[in-house]
Amino acid sequence: MGQILSIEKQPCSTSTEDRILDAALTIIQEKTISGLRIRQVAEKANLFQSNIHYYYNSKKELLLAVQKKVLNRYREIRQQSIHQTGIGPEATLEDRLDVFIKQKIYTILIEDKYDVAELDFWNQSRLDPDMHQEFCLSYQNWRTEIREIAETFAPDMPPAKQNLIAGIAVSLLEGATVQFLVDKEAFDLDSYFAYCKSILIREIRG
C-alpha cells in the first residue's frame with residue numbers, strides 16, 4: 001500500500017453536541033441508520049436522553065447533523081492534505097488529483113466509519129428530501145472542485161466535457177468505496193487509483 005496521509009483524527013471533544021454526533025456516528029456504523037435510537041445515542045455518549053433532545057428535537061434533526069458532519073469531514077481531510085503537501089498555485093495536474101485520491105484512500109482505510117455512514121445516508125436520501133438535498137449540494141460542490149481542475153489545465157475544453165469528467169471522477173472515487181467496503185480483496189487500491197488518475201489525466205490533457 002502506498003503512503004497514506006498522516007491526517008489528524010478529530011480529537012474527542014468535550015462539547016456535548018460533538019459527543020452526541022460522535023456517538024450517533026458510531027451507532028450508525030454498528031447498526032445502520034434504521035437501527036439508531038435516541039436512547040442508544042444517549043447511552044453511547046454517557047448522557048441523559050433529555051440532553052439529546054435539548055440539541056435535536058427529533059431523530060431526523062440528529063441524522064441531518066450527522067450527515068453534515070460526515071460531508072464536512074471529507075472537506076477537512078482534503079484541506080489537511082493540501083496543507084500537508086504544500087500544494088500551491090504551481091501545483092501540477094497530478095498533485096491536484098492526488099488531493100481527492102488520497103482523501104478517499106484515507107477514509108477507506110483509516111476512517112471508514114465516515115464512508116459507511118455516507119453510503120447509509122445515500123440510501124436514506126432516496127426517501128428523505130432534506131437528506132437528498134444535502135447530498136445533491138455535496139456532490140455538486142465535489143464536481144465543481146474537479147471541474148475547476150479541468151478548467152485550469154484544459155481551458156479550451158468544452159464545458160460539457162468538463163462536466164462529464166467531473167462526474168466520472170466522482171464515480172471513480174465513490175465506486176472504490178462501495179466495492180472495497182464490500183470486498184477488501186476486490187482489487188489493489190493503489191493500482192485502482194493509479195489507473196483512475198491515468199484515465200483522468202489522459203482525458204484532461206487530451
# chains A, B, ... in the order shown; residues from 1 in each chain; ligands from 1
>>> residues_around(residues="A:Ile27", least_positions_apart="2", cutoff="10 Å", atoms="only C-alpha atoms", output="VMD selection string")
chain A and resid 21 to 25 29 to 33 35 to 37 40 to 41 44 113 117
>>> closest_atom_pairs(of="stretch 120-170 of chain A", to="stretch 64-77 of chain A", cutoff="8 Å", atoms="only C-alpha atoms", output="CSV")
residue,atom,partner,partner_atom,distance
A:Phe121,CA,A:Gln67,CA,7.0
A:Asp130,CA,A:Leu64,CA,7.9
A:Met131,CA,A:Leu64,CA,6.7
A:Glu134,CA,A:Lys68,CA,7.8
A:Ser138,CA,A:Leu71,CA,7.0
>>> residues_around(residues="A:Phe180", least_positions_apart="5", cutoff="12 Å", atoms="only C-alpha atoms", output="PyMOL selection string")
chain A and resi 104-105+107-109+112+115-116+173-175+185-189+192
>>> write_last_selection(atoms="all heavy atoms", output="compact mmCIF listing (two decimals), in the first residue's frame")
# COMPACT_ATOMS: atom_id res chain seq x y z
N LYS A 104 -9.74 9.88 -0.39
CA LYS A 104 -10.58 8.69 -0.48
C LYS A 104 -9.87 7.46 0.07
O LYS A 104 -10.47 6.66 0.79
CB LYS A 104 -11.01 8.48 -1.94
CG LYS A 104 -11.93 7.31 -2.17
CD LYS A 104 -13.11 7.29 -1.20
CE LYS A 104 -14.05 8.47 -1.37
NZ LYS A 104 -15.21 8.35 -0.44
N ILE A 105 -8.59 7.29 -0.25
CA ILE A 105 -7.84 6.17 0.30
C ILE A 105 -7.80 6.24 1.82
O ILE A 105 -7.96 5.23 2.52
CB ILE A 105 -6.41 6.13 -0.28
CG1 ILE A 105 -6.45 5.77 -1.77
CG2 ILE A 105 -5.53 5.13 0.48
CD1 ILE A 105 -5.09 5.81 -2.46
N THR A 107 -9.95 7.71 3.95
CA THR A 107 -11.20 7.38 4.62
C THR A 107 -11.55 5.90 4.48
O THR A 107 -12.08 5.29 5.42
CB THR A 107 -12.37 8.24 4.09
OG1 THR A 107 -12.44 8.13 2.65
CG2 THR A 107 -12.20 9.69 4.47
N ILE A 108 -11.22 5.31 3.35
CA ILE A 108 -11.49 3.88 3.17
C ILE A 108 -10.70 3.04 4.17
O ILE A 108 -11.23 2.11 4.78
CB ILE A 108 -11.15 3.44 1.73
CG1 ILE A 108 -12.18 3.98 0.74
CG2 ILE A 108 -11.11 1.91 1.63
CD1 ILE A 108 -11.84 3.71 -0.72
N LEU A 109 -9.43 3.39 4.38
CA LEU A 109 -8.55 2.56 5.20
C LEU A 109 -8.49 2.97 6.67
O LEU A 109 -8.29 2.12 7.54
CB LEU A 109 -7.13 2.58 4.63
CG LEU A 109 -6.95 1.98 3.23
CD1 LEU A 109 -5.50 2.12 2.79
CD2 LEU A 109 -7.38 0.52 3.21
N ASP A 112 -13.08 4.61 8.05
CA ASP A 112 -14.14 4.06 7.21
C ASP A 112 -15.54 4.30 7.77
O ASP A 112 -16.53 4.15 7.06
CB ASP A 112 -13.92 2.57 6.97
CG ASP A 112 -14.03 1.75 8.25
OD1 ASP A 112 -13.68 2.26 9.32
OD2 ASP A 112 -14.46 0.58 8.15
N ASP A 115 -17.28 6.68 5.55
CA ASP A 115 -17.74 6.11 4.27
C ASP A 115 -18.93 5.19 4.49
O ASP A 115 -19.87 5.18 3.68
CB ASP A 115 -16.60 5.34 3.60
CG ASP A 115 -15.61 6.25 2.90
OD1 ASP A 115 -15.96 7.43 2.66
OD2 ASP A 115 -14.50 5.81 2.58
N VAL A 116 -18.89 4.40 5.56
CA VAL A 116 -20.03 3.53 5.87
C VAL A 116 -21.28 4.36 6.08
O VAL A 116 -22.36 4.05 5.56
CB VAL A 116 -19.72 2.67 7.11
CG1 VAL A 116 -20.98 1.94 7.58
CG2 VAL A 116 -18.61 1.66 6.81
N LEU A 173 -14.17 7.62 -7.72
CA LEU A 173 -13.81 7.70 -6.31
C LEU A 173 -14.82 6.98 -5.43
O LEU A 173 -14.47 6.18 -4.56
CB LEU A 173 -13.68 9.17 -5.90
CG LEU A 173 -12.53 9.95 -6.54
CD1 LEU A 173 -12.73 11.44 -6.34
CD2 LEU A 173 -11.20 9.51 -5.97
N GLU A 174 -16.09 7.26 -5.67
CA GLU A 174 -17.14 6.64 -4.85
C GLU A 174 -17.27 5.15 -5.14
O GLU A 174 -17.58 4.36 -4.25
CB GLU A 174 -18.49 7.33 -5.12
CG GLU A 174 -18.57 8.74 -4.55
CD GLU A 174 -18.59 8.76 -3.04
OE1 GLU A 174 -17.49 8.65 -2.43
OE2 GLU A 174 -19.67 8.86 -2.44
N GLY A 175 -17.02 4.77 -6.39
CA GLY A 175 -17.09 3.36 -6.75
C GLY A 175 -16.09 2.52 -5.98
O GLY A 175 -16.37 1.37 -5.61
N GLU A 185 -10.76 -7.64 -0.89
CA GLU A 185 -9.88 -8.35 -1.80
C GLU A 185 -10.25 -8.10 -3.27
O GLU A 185 -9.69 -8.73 -4.16
CB GLU A 185 -9.94 -9.87 -1.51
CG GLU A 185 -9.60 -10.25 -0.08
CD GLU A 185 -8.20 -9.82 0.32
OE1 GLU A 185 -7.30 -9.93 -0.53
OE2 GLU A 185 -8.02 -9.39 1.48
N ALA A 186 -11.19 -7.21 -3.50
CA ALA A 186 -11.68 -6.98 -4.87
C ALA A 186 -10.58 -6.51 -5.79
O ALA A 186 -10.48 -6.95 -6.94
CB ALA A 186 -12.83 -5.97 -4.85
N PHE A 187 -9.75 -5.61 -5.31
CA PHE A 187 -8.63 -5.09 -6.11
C PHE A 187 -7.66 -4.37 -5.20
O PHE A 187 -7.97 -4.07 -4.04
CB PHE A 187 -9.13 -4.15 -7.22
CG PHE A 187 -10.11 -3.11 -6.74
CD1 PHE A 187 -9.71 -2.03 -5.96
CD2 PHE A 187 -11.46 -3.22 -7.06
CE1 PHE A 187 -10.61 -1.08 -5.52
CE2 PHE A 187 -12.37 -2.28 -6.62
CZ PHE A 187 -11.94 -1.20 -5.85
N ASP A 188 -6.48 -4.10 -5.73
CA ASP A 188 -5.47 -3.34 -5.01
C ASP A 188 -5.80 -1.85 -5.13
O ASP A 188 -5.91 -1.33 -6.25
CB ASP A 188 -4.09 -3.64 -5.59
CG ASP A 188 -3.01 -2.81 -4.93
OD1 ASP A 188 -2.65 -3.11 -3.78
OD2 ASP A 188 -2.55 -1.84 -5.57
N LEU A 189 -5.96 -1.18 -4.00
CA LEU A 189 -6.37 0.23 -4.02
C LEU A 189 -5.37 1.11 -4.75
O LEU A 189 -5.76 1.99 -5.52
CB LEU A 189 -6.56 0.75 -2.59
CG LEU A 189 -7.90 0.52 -1.92
CD1 LEU A 189 -7.91 1.15 -0.54
CD2 LEU A 189 -9.05 1.07 -2.76
N TYR A 192 -5.74 0.55 -8.43
CA TYR A 192 -7.02 1.09 -8.89
C TYR A 192 -6.94 2.60 -9.07
O TYR A 192 -7.31 3.14 -10.13
CB TYR A 192 -8.11 0.73 -7.87
CG TYR A 192 -9.47 1.36 -8.16
CD1 TYR A 192 -10.39 0.71 -8.97
CD2 TYR A 192 -9.81 2.61 -7.64
CE1 TYR A 192 -11.63 1.28 -9.24
CE2 TYR A 192 -11.04 3.18 -7.91
CZ TYR A 192 -11.94 2.52 -8.70
OH TYR A 192 -13.16 3.10 -8.98
>>> atom_distance(atom1="atom CA of A:Thr144", atom2="atom CA of A:Asp98")
16.2 Å
>>> atom_distance(atom1="atom CA of A:Trp142", atom2="atom CA of A:Glu118")
14.3 Å
>>> atom_distance(atom1="atom CA of A:Tyr56", atom2="atom CA of A:Ser15")
14.6 Å
>>> closest_residue(among="A:Ser34, A:Glu148, A:Lys102, A:Leu93", to="A:Asp190", atoms="only C-alpha atoms")
A:Lys102
>>> closest_residue(among="A:Ile101, A:Leu47, A:Lys161, A:Ile82", to="A:Ser191", atoms="only C-alpha atoms")
A:Ile101
